[in-house]
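Data from data38.cif: mmCIF, C-alpha atoms
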data_my_file
#
loop_
_atom_site.label_atom_id
_atom_site.label_comp_id
_atom_site.auth_asym_id
_atom_site.auth_seq_id
_atom_site.Cartn_x
_atom_site.Cartn_y
_atom_site.Cartn_z
CA MET G 1 1.66 -26.82 36.05
CA SER G 2 1.07 -24.96 32.78
CA VAL G 3 -2.01 -22.83 32.17
CA VAL G 4 -3.22 -24.89 29.21
CA SER G 5 -3.04 -28.15 31.13
CA THR G 6 -5.46 -26.73 33.71
CA CYS G 7 -8.12 -25.31 31.36
CA ASP G 8 -9.14 -24.41 27.86
CA LEU G 9 -10.27 -20.82 27.37
CA SER G 10 -14.01 -21.43 26.97
CA GLY G 11 -16.05 -19.51 29.48
CA VAL G 12 -17.20 -16.12 30.74
CA TRP G 13 -14.35 -13.68 31.37
CA THR G 14 -14.81 -10.30 33.10
CA ASN G 15 -12.26 -7.47 33.15
CA GLN G 16 -11.45 -4.77 35.70
CA TYR G 17 -14.12 -2.45 34.22
CA GLY G 18 -16.89 -5.03 34.26
CA SER G 19 -16.81 -5.75 30.52
CA VAL G 20 -17.42 -9.40 29.62
CA LEU G 21 -16.01 -11.79 27.01
CA HIS G 22 -17.96 -14.98 26.26
CA ILE G 23 -15.43 -17.32 24.62
CA ARG G 24 -15.85 -20.65 22.88
CA ASP G 25 -12.42 -22.24 22.42
CA THR G 26 -12.33 -24.51 19.34
CA GLY G 27 -8.62 -25.36 19.62
CA THR G 28 -6.99 -22.51 17.71
CA LEU G 29 -9.90 -20.27 16.74
CA LEU G 30 -11.63 -18.41 19.57
CA ILE G 31 -15.25 -17.50 18.77
CA ALA G 32 -16.57 -14.87 21.15
CA THR G 33 -18.89 -12.00 21.94
CA TYR G 34 -18.01 -8.89 23.94
CA SER G 35 -20.26 -6.83 26.20
CA SER G 36 -18.75 -3.50 27.26
CA SER G 37 -19.36 -1.62 30.50
CA MET G 38 -17.77 1.58 29.16
CA GLY G 39 -20.93 3.24 27.85
CA ASN G 40 -21.53 0.99 24.83
CA VAL G 41 -24.90 -0.74 24.84
CA GLY G 42 -25.03 -4.05 23.01
CA THR G 43 -23.17 -7.24 22.22
CA TYR G 44 -20.24 -7.22 19.80
CA ARG G 45 -18.72 -9.88 17.57
CA THR G 46 -15.22 -10.97 18.57
CA VAL G 47 -12.88 -13.48 16.93
CA GLY G 48 -9.53 -14.60 18.24
CA MET G 49 -6.70 -17.08 17.99
CA ARG G 50 -4.48 -18.84 20.50
CA ALA G 51 -1.15 -20.62 20.18
CA ARG G 52 -1.77 -24.20 19.07
CA THR G 53 0.61 -26.09 21.38
CA ARG G 54 0.98 -26.26 25.12
CA PRO G 55 3.87 -24.20 26.47
CA GLY G 56 6.29 -25.46 29.08
CA ALA G 57 5.51 -25.39 32.76
CA GLU G 58 4.79 -21.93 34.17
CA CYS G 59 4.65 -20.32 30.71
CA SER G 60 1.80 -18.13 29.50
CA VAL G 61 -0.56 -19.00 26.62
CA PRO G 62 -0.50 -16.37 23.82
CA VAL G 63 -3.92 -15.10 22.65
CA ALA G 64 -5.18 -12.32 20.37
CA PHE G 65 -8.65 -10.97 19.55
CA ALA G 66 -10.37 -8.69 17.04
CA VAL G 67 -13.58 -6.83 17.99
CA SER G 68 -16.15 -5.05 15.82
CA TRP G 69 -17.96 -2.26 17.70
CA ARG G 70 -21.12 -2.61 15.60
CA SER G 71 -23.80 -4.07 17.84
CA LEU G 72 -25.23 -7.49 17.02
CA GLY G 73 -28.57 -6.46 18.50
CA PRO G 74 -31.31 -3.92 17.67
CA GLU G 75 -29.65 -1.00 19.46
CA PRO G 76 -29.72 2.39 17.64
CA ARG G 77 -26.69 3.57 15.72
CA ASP G 78 -23.78 4.74 17.85
CA PRO G 79 -20.70 6.79 16.79
CA CYS G 80 -18.47 3.81 17.60
CA TRP G 81 -20.11 1.58 14.96
CA ASN G 82 -17.18 2.38 12.66
CA TRP G 83 -14.67 1.42 15.34
CA SER G 84 -12.78 -1.83 15.91
CA SER G 85 -10.39 -3.15 18.54
CA GLY G 86 -7.39 -5.43 18.64
CA MET G 87 -6.35 -7.17 21.84
CA CYS G 88 -3.18 -9.20 22.28
CA GLY G 89 -1.60 -10.83 25.30
CA SER G 90 -1.58 -14.08 27.19
CA VAL G 91 -3.29 -16.24 29.75
CA CYS G 92 -1.23 -16.93 32.85
CA LEU G 93 -1.87 -18.00 36.42
CA ALA G 94 -2.58 -15.60 39.28
CA GLY G 95 -2.19 -18.03 42.15
CA ASP G 96 -4.29 -20.97 41.00
CA ARG G 97 -6.64 -18.79 38.92
CA PRO G 98 -6.12 -18.03 35.20
CA VAL G 99 -5.95 -14.37 34.22
CA MET G 100 -5.92 -13.03 30.65
CA LYS G 101 -3.64 -9.98 30.36
CA LEU G 102 -4.18 -8.04 27.13
CA SER G 103 -2.81 -4.95 25.45
CA HIS G 104 -5.77 -3.16 23.87
CA LEU G 105 -5.64 -1.05 20.70
CA LEU G 106 -8.93 0.83 20.26
CA LEU G 107 -9.30 1.88 16.61
CA ALA G 108 -11.53 4.95 16.37
CA GLY G 109 -12.33 5.20 12.68
CA SER G 110 -14.66 8.17 13.09
CA PRO G 111 -15.17 10.92 15.71
CA PHE G 112 -17.21 10.32 18.84
CA PRO G 113 -18.30 13.82 19.98
CA GLY G 114 -17.41 14.45 23.59
CA LEU G 115 -15.28 11.31 23.83
CA ALA G 116 -12.59 10.83 21.19
CA SER G 117 -11.24 12.01 17.86
CA PRO G 118 -10.30 9.49 15.14
CA GLY G 119 -7.13 7.62 16.03
CA THR G 120 -5.65 4.67 17.92
CA TYR G 121 -5.95 4.48 21.70
CA LEU G 122 -3.83 2.18 23.86
CA GLY G 123 -4.87 0.48 27.10
CA THR G 124 -4.41 -2.67 29.15
CA LEU G 125 -7.10 -5.12 30.23
CA GLU G 126 -7.13 -8.03 32.67
CA PHE G 127 -9.89 -10.64 32.44
CA PHE G 128 -10.69 -13.29 35.05
CA ARG G 129 -12.89 -16.28 34.25
CA ASP G 130 -16.04 -16.89 36.28
CA ASP G 131 -16.11 -20.65 36.68
CA ASP G 132 -19.69 -20.49 37.99
CA LYS G 133 -20.93 -19.33 34.58
CA SER G 134 -21.04 -21.35 31.35
CA VAL G 135 -21.01 -20.19 27.75
CA THR G 136 -24.54 -20.35 26.34
CA ASP G 137 -24.81 -17.55 23.77
CA VAL G 138 -21.78 -17.95 21.49
CA PRO G 139 -22.64 -19.74 18.21
CA ASP G 140 -20.54 -22.68 17.03
CA ALA G 141 -20.02 -21.04 13.62
CA LEU G 142 -19.55 -17.51 12.33
CA ARG G 143 -22.38 -16.78 9.92
CA LYS G 144 -21.20 -15.09 6.72
CA VAL G 145 -22.96 -14.34 3.45
CA ALA G 146 -20.85 -13.51 0.42
CA LEU G 147 -17.61 -11.85 -0.56
CA CYS G 148 -18.01 -8.11 -0.57
CA GLU G 149 -18.54 -6.73 -4.04
CA PRO G 150 -15.52 -5.08 -5.72
CA GLY G 151 -15.54 -1.38 -4.99
CA THR G 152 -17.49 -1.77 -1.75
CA ASP G 153 -14.50 -3.26 0.05
CA LEU G 154 -11.01 -1.88 -0.53
CA LEU G 155 -9.17 -4.20 1.83
CA SER G 156 -9.35 -7.45 -0.16
CA GLY G 157 -6.15 -8.36 -1.98
CA GLY G 158 -2.45 -8.48 -1.24
CA TRP G 159 -0.52 -6.01 0.92
CA ARG G 160 3.24 -5.87 1.47
CA ASP G 161 5.71 -3.69 3.37
CA ASP G 162 9.39 -3.00 2.80
CA ASP G 163 10.62 -5.76 5.12
CA GLY G 164 8.69 -8.45 3.23
CA THR G 165 5.73 -8.88 5.59
CA MET G 166 2.69 -9.63 3.44
CA LEU G 167 -1.03 -10.03 4.02
CA VAL G 168 -3.30 -11.66 1.45
CA VAL G 169 -6.90 -11.20 2.55
CA SER G 170 -10.51 -11.51 1.45
CA VAL G 171 -13.48 -9.86 3.16
CA THR G 172 -16.83 -11.58 3.60
CA ALA G 173 -19.89 -9.68 4.80
CA GLU G 174 -21.45 -10.74 8.09
CA GLU G 175 -24.92 -12.24 7.59
CA HIS G 176 -26.67 -8.89 8.09
CA GLY G 177 -23.97 -6.81 6.38
CA ARG G 178 -22.98 -5.04 9.59
CA PHE G 179 -19.22 -5.64 9.30
CA GLY G 180 -16.75 -7.79 7.41
CA TYR G 181 -14.98 -11.00 8.37
CA VAL G 182 -11.37 -11.10 7.22
CA ASP G 183 -9.74 -14.37 6.14
CA GLY G 184 -6.46 -15.08 4.42
CA THR G 185 -2.76 -15.64 4.95
CA LEU G 186 0.07 -13.84 6.70
CA HIS G 187 3.42 -14.31 4.93
CA LEU G 188 6.13 -13.67 7.51
CA ALA G 189 9.78 -14.78 7.68
CA GLY G 190 9.20 -17.60 5.18
CA GLU G 191 6.05 -18.89 6.90
CA ASN G 192 2.48 -18.90 5.59
CA ILE G 193 0.17 -18.40 8.57
CA ALA G 194 -3.64 -18.51 8.51
CA LEU G 195 -5.30 -15.31 9.69
CA THR G 196 -8.75 -14.06 10.56
CA GLY G 197 -10.18 -10.75 11.75
CA LEU G 198 -12.84 -8.07 11.47
CA THR G 199 -13.18 -4.82 9.55
CA ASP G 200 -15.63 -1.96 9.12
CA ILE G 201 -17.25 -2.28 5.67
CA GLU G 202 -19.44 0.82 6.12
CA ALA G 203 -16.69 3.44 6.39
CA THR G 204 -17.23 4.76 2.86
CA ARG G 205 -21.00 4.90 3.38
CA TYR G 206 -20.55 7.34 6.25
CA GLU G 207 -17.96 9.46 4.43
CA GLY G 208 -15.05 8.33 6.57
CA ASN G 209 -11.50 8.51 5.24
CA ARG G 210 -10.23 5.45 7.11
CA GLN G 211 -11.42 1.88 7.58
CA ALA G 212 -10.66 0.15 10.90
CA VAL G 213 -8.96 -3.24 10.50
CA SER G 214 -8.08 -5.83 13.16
CA ILE G 215 -6.41 -9.11 12.15
CA VAL G 216 -5.12 -12.02 14.24
CA ALA G 217 -2.95 -15.00 13.34
CA ALA G 218 -1.37 -17.90 15.24
CA THR G 219 1.48 -20.38 14.84
CA GLU G 220 2.26 -23.36 17.04
CA THR G 221 3.69 -21.17 19.78
CA GLN G 222 2.97 -17.51 18.97
CA VAL G 223 0.13 -15.16 18.10
CA TYR G 224 0.13 -11.96 16.05
CA LEU G 225 -2.19 -8.97 16.06
CA PHE G 226 -2.27 -6.43 13.20
CA ALA G 227 -4.50 -3.48 14.06
CA GLY G 228 -4.90 -0.12 12.36
CA PHE G 229 -6.46 1.59 9.38
CA LEU G 230 -6.86 1.32 5.64
CA GLY G 231 -6.69 4.79 4.12
CA LEU G 232 -9.69 5.11 1.82
CA LYS G 233 -8.28 8.01 -0.20
CA ARG G 234 -4.64 6.95 -0.58
CA SER G 235 -5.34 3.23 -0.08
CA GLY G 236 -2.39 2.56 2.20
CA LEU G 237 -2.61 0.05 5.06
CA SER G 238 -1.04 1.28 8.33
CA LEU G 239 -0.97 -1.32 11.09
CA PHE G 240 0.50 -1.73 14.54
CA ALA G 241 1.72 -5.31 15.02
CA LEU G 242 1.92 -7.10 18.36
CA GLN G 243 3.68 -10.46 18.62
CA GLU G 244 3.09 -12.57 21.73
CA THR G 245 5.40 -15.37 22.87
CA PRO G 246 5.01 -17.95 25.69
CA THR G 247 6.88 -16.47 28.64
CA PRO G 248 7.46 -17.41 32.29
CA SER G 249 6.21 -14.89 34.84
CA SER G 250 9.76 -13.84 35.68
CA GLN G 251 10.18 -12.50 32.12
CA ASP G 252 6.69 -11.05 31.70
CA TYR G 253 8.05 -7.62 30.72
CA VAL G 254 9.44 -8.94 27.38
CA ARG G 255 6.54 -11.16 26.28
CA THR G 256 4.96 -8.69 23.82
CA ALA G 257 6.89 -7.23 20.87
CA LEU G 258 5.54 -4.12 19.12
CA SER G 259 6.25 -2.95 15.57
CA PHE G 260 4.63 -0.72 12.96
CA HIS G 261 3.97 -1.54 9.30
CA VAL G 262 2.95 0.52 6.31
CA LEU G 263 1.81 -1.90 3.60
CA CYS G 264 1.18 -1.15 -0.06
CA ARG G 265 -1.24 -2.96 -2.33
CA GLN G 266 0.25 -5.66 -4.54
CA LYS G 267 -1.17 -6.11 -8.03
CA ASN G 268 -0.26 -9.80 -8.18
CA PRO G 269 -0.14 -11.17 -4.61
#
Here is the file; what I need is its structure written in the form of structure tokens.
Amino acid sequence: MSVVSTCDLSGVWTNQYGSVLHIRDTGTLLIATYSSSMGNVGTYRTVGMRARTRPGAECSVPVAFAVSWRSLGPEPRDPCWNWSSGMCGSVCLAGDRPVMKLSHLLLAGSPFPGLASPGTYLGTLEFFRDDDKSVTDVPDALRKVALCEPGTDLLSGGWRDDDGTMLVVSVTAEEHGRFGYVDGTLHLAGENIALTGLTDIEATRYEGNRQAVSIVAATETQVYLFAGFLGLKRSGLSLFALQETPTPSSQDYVRTALSFHVLCRQKNP
């Protein structure tokens, strides 16, 4: 029996560290919030995508998420407010219980004294769903205000690398201006694929030289994660890319493909 035929992904998922994802599965788009147990206090906006069709029997379900580490609540400012995360992996069965196995790219856009220097940090996470808990605090819609004004957001526009991969994106401020929602299109191997994601729109305000970016996209059978940084001085976009494919458990070790892209701005995307 395939994973998708036994459940959608809506629910409360807890990982090995005690961090919790509240997910509302709308079919392709995953609307979520994240609560971390790793020293962060607050609730964090998360958006994701899943493959749109059911895989064959015993195959995993590809999923990817973007996280903004700017709290949605009244908590005081934290050094990680200019950070983002990208998570990519799949949902498979552990016995008769679904488990979400994710590669995690933590994008530290600014220093956190005593913890980490700016950079990208790699980890793995496993989430199990608590079927005794229901989703009650994830809104049905993502509340946005307006497109960020030119000059305040340097990510909007077209970006292309040497192999032809292209992102065309626009950034809309979250309702309180805490971070930016990314929407647009991924042009890859002749396909035009809808994308979404999150980005730090306050990097320039706090004199950072890089803006954390996490973008997800999905086709019928695959998901993509692009996670990295926009250079605010040289305006180059450097992104790790993870591609996830439905895979039986016997071939789990080749389900995630990793690549790296340096994209340049296009004047006429």
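Atom pair atom CA of Leu155 of chain G / atom CA of Trp69 of chain G has a distance of 18.2 Å (rounded to one decimal).
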>> What's around segment 222-235 of chain G at 6 Å? Count only C-alpha atoms, leave out sequence neighbours fewer than 5 positions away in its own chain, and write the answer as number ranges by chain.
In response: G: 51, 62, 86, 209-217, 240-245
Go ahead and write the selection's residues with C-alpha atoms as a short mmCIF file (atom, residue, chain, number, x, y, z; two decimals), in the coordinates of the input.
data_model
loop_
_atom_site.label_atom_id
_atom_site.label_comp_id
_atom_site.auth_asym_id
_atom_site.auth_seq_id
_atom_site.Cartn_x
_atom_site.Cartn_y
_atom_site.Cartn_z
CA ALA G 51 -1.15 -20.62 20.18
CA PRO G 62 -0.50 -16.37 23.82
CA GLY G 86 -7.39 -5.43 18.64
CA ASN G 209 -11.50 8.51 5.24
CA ARG G 210 -10.23 5.45 7.11
CA GLN G 211 -11.42 1.88 7.58
CA ALA G 212 -10.66 0.15 10.90
CA VAL G 213 -8.96 -3.24 10.50
CA SER G 214 -8.08 -5.83 13.16
CA ILE G 215 -6.41 -9.11 12.15
CA VAL G 216 -5.12 -12.02 14.24
CA ALA G 217 -2.95 -15.00 13.34
CA PHE G 240 0.50 -1.73 14.54
CA ALA G 241 1.72 -5.31 15.02
CA LEU G 242 1.92 -7.10 18.36
CA GLN G 243 3.68 -10.46 18.62
CA GLU G 244 3.09 -12.57 21.73
CA THR G 245 5.40 -15.37 22.87
#
> Closest to Gln251 of chain G among G:Cys59, G:Val47, G:Cys88, G:Val20, using only C-alpha atoms?
Replying inline: G:Cys59
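Rounded to one decimal, atom CA of Ala94 of chain G and atom CA of Leu29 of chain G lie 24.2 Å from each other.
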>> Within 12 Å of (-22.0, -4.0, 28.1) in the file's own coordinates, which protein, DNA or RNA residues have an atom, counting only C-alpha atoms? List them as a VMD selection string.
In response: chain G and resid 14 to 15 17 to 22 33 to 44 69 71 73 75
>> Going by the chain IDs and residue numbers used in this file, which residues fall under the PyMOL selection byres ((chain G and resi 162) around 9)? Write them as a list in words.
In response: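 On this input, the PyMOL selection byres ((chain G and resi 162) around 9) captures Arg160, Asp161, Asp163, Gly164, Thr165, His261, Val262, Leu263 and Cys264 of chain G.
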Preceding selection exported with C-alpha atoms as a PDB file, in the coordinates of the input:
ATOM      1  CA  ARG G 160       3.240  -5.870   1.470  1.00  0.00           C
ATOM      2  CA  ASP G 161       5.710  -3.690   3.370  1.00  0.00           C
ATOM      3  CA  ASP G 163      10.620  -5.760   5.120  1.00  0.00           C
ATOM      4  CA  GLY G 164       8.690  -8.450   3.230  1.00  0.00           C
ATOM      5  CA  THR G 165       5.730  -8.880   5.590  1.00  0.00           C
ATOM      6  CA  HIS G 261       3.970  -1.540   9.300  1.00  0.00           C
ATOM      7  CA  VAL G 262       2.950   0.520   6.310  1.00  0.00           C
ATOM      8  CA  LEU G 263       1.810  -1.900   3.600  1.00  0.00           C
ATOM      9  CA  CYS G 264       1.180  -1.150  -0.060  1.00  0.00           C
TER      10      CYS G 264
END
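Across the model, the gap from atom CA of Glu220 of chain G to atom CA of Phe128 of chain G is 24.4 Å.
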Show me, as an mmCIF file with C-alpha atoms, in the coordinates of the input, the residues that have an atom within 9 Å of Tyr121 of chain G when counting all atoms listed in the file, minus same-chain residues fewer than 6 positions from it.
data_model
loop_
_atom_site.group_PDB
_atom_site.id
_atom_site.type_symbol
_atom_site.label_atom_id
_atom_site.label_comp_id
_atom_site.auth_asym_id
_atom_site.auth_seq_id
_atom_site.Cartn_x
_atom_site.Cartn_y
_atom_site.Cartn_z
ATOM 1 C CA HIS G 104 -5.770 -3.160 23.870
ATOM 2 C CA LEU G 105 -5.640 -1.050 20.700
ATOM 3 C CA LEU G 106 -8.930 0.830 20.260
ATOM 4 C CA LEU G 107 -9.300 1.880 16.610
ATOM 5 C CA ALA G 108 -11.530 4.950 16.370
#
> Just so the selection is clear, what residues does the PyMOL selection byres ((chain G and resi 203) around 10) cover here, as a PyMOL selection string?
Replying inline: chain G and resi 81-83+109-110+152-153+179+199-202+204-212+232
Keeping C-alpha atoms for every residue in the selection just given, could you write it to a file as a PDB file, in the coordinates of the input?
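The resulting file, again15.pdb, is shown below:
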ATOM      1  CA  TRP G  81     -20.110   1.580  14.960  1.00  0.00           C
ATOM      2  CA  ASN G  82     -17.180   2.380  12.660  1.00  0.00           C
ATOM      3  CA  TRP G  83     -14.670   1.420  15.340  1.00  0.00           C
ATOM      4  CA  GLY G 109     -12.330   5.200  12.680  1.00  0.00           C
ATOM      5  CA  SER G 110     -14.660   8.170  13.090  1.00  0.00           C
ATOM      6  CA  THR G 152     -17.490  -1.770  -1.750  1.00  0.00           C
ATOM      7  CA  ASP G 153     -14.500  -3.260   0.050  1.00  0.00           C
ATOM      8  CA  PHE G 179     -19.220  -5.640   9.300  1.00  0.00           C
ATOM      9  CA  THR G 199     -13.180  -4.820   9.550  1.00  0.00           C
ATOM     10  CA  ASP G 200     -15.630  -1.960   9.120  1.00  0.00           C
ATOM     11  CA  ILE G 201     -17.250  -2.280   5.670  1.00  0.00           C
ATOM     12  CA  GLU G 202     -19.440   0.820   6.120  1.00  0.00           C
ATOM     13  CA  THR G 204     -17.230   4.760   2.860  1.00  0.00           C
ATOM     14  CA  ARG G 205     -21.000   4.900   3.380  1.00  0.00           C
ATOM     15  CA  TYR G 206     -20.550   7.340   6.250  1.00  0.00           C
ATOM     16  CA  GLU G 207     -17.960   9.460   4.430  1.00  0.00           C
ATOM     17  CA  GLY G 208     -15.050   8.330   6.570  1.00  0.00           C
ATOM     18  CA  ASN G 209     -11.500   8.510   5.240  1.00  0.00           C
ATOM     19  CA  ARG G 210     -10.230   5.450   7.110  1.00  0.00           C
ATOM     20  CA  GLN G 211     -11.420   1.880   7.580  1.00  0.00           C
ATOM     21  CA  ALA G 212     -10.660   0.150  10.900  1.00  0.00           C
ATOM     22  CA  LEU G 232      -9.690   5.110   1.820  1.00  0.00           C
TER      23      LEU G 232
END
>> Applying the PyMOL selection byres ((chain G and resi 267) around 10) to the file I just gave you, which residues come out? Please list them as a PyMOL selection string.
In response: chain G and resi 157-159+264-266+268-269
Can you write just those residues out, C-alpha atoms, as a compact mmCIF listing (two decimals), keeping the file's coordinate frame?
# COMPACT_ATOMS: atom_id res chain seq x y z
CA GLY G 157 -6.15 -8.36 -1.98
CA GLY G 158 -2.45 -8.48 -1.24
CA TRP G 159 -0.52 -6.01 0.92
CA CYS G 264 1.18 -1.15 -0.06
CA ARG G 265 -1.24 -2.96 -2.33
CA GLN G 266 0.25 -5.66 -4.54
CA ASN G 268 -0.26 -9.80 -8.18
CA PRO G 269 -0.14 -11.17 -4.61
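Restricting the calculation to only C-alpha atoms, the smallest distance between Pro111 of chain G and any of G:Val171, G:Leu154, G:Cys80, G:Val182 is found for G:Cys80.
The environment of Thr28 of chain G within 9 Å, counting only C-alpha atoms and disregarding residues fewer than 3 places along the same chain, consists of Asp25, Gly48, Met49, Arg50, Ala51, Arg52 and Ala218 of chain G.
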Could you turn the residues from that selection into a file that holds C-alpha atoms, as a CSV table (one decimal), keeping the file's coordinate frame?
chain,number,residue,atom,x,y,z
G,25,ASP,CA,-12.4,-22.2,22.4
G,48,GLY,CA,-9.5,-14.6,18.2
G,49,MET,CA,-6.7,-17.1,18.0
G,50,ARG,CA,-4.5,-18.8,20.5
G,51,ALA,CA,-1.2,-20.6,20.2
G,52,ARG,CA,-1.8,-24.2,19.1
G,218,ALA,CA,-1.4,-17.9,15.2
>> List as a PyMOL selection string the protein and nucleic acid residues near Lys101 of chain G, meaning an atom at most 9 Å away when all atoms listed in the file are counted, but skip any in the same chain fewer than 6 places from it.
In response: chain G and resi 88-92+124-127
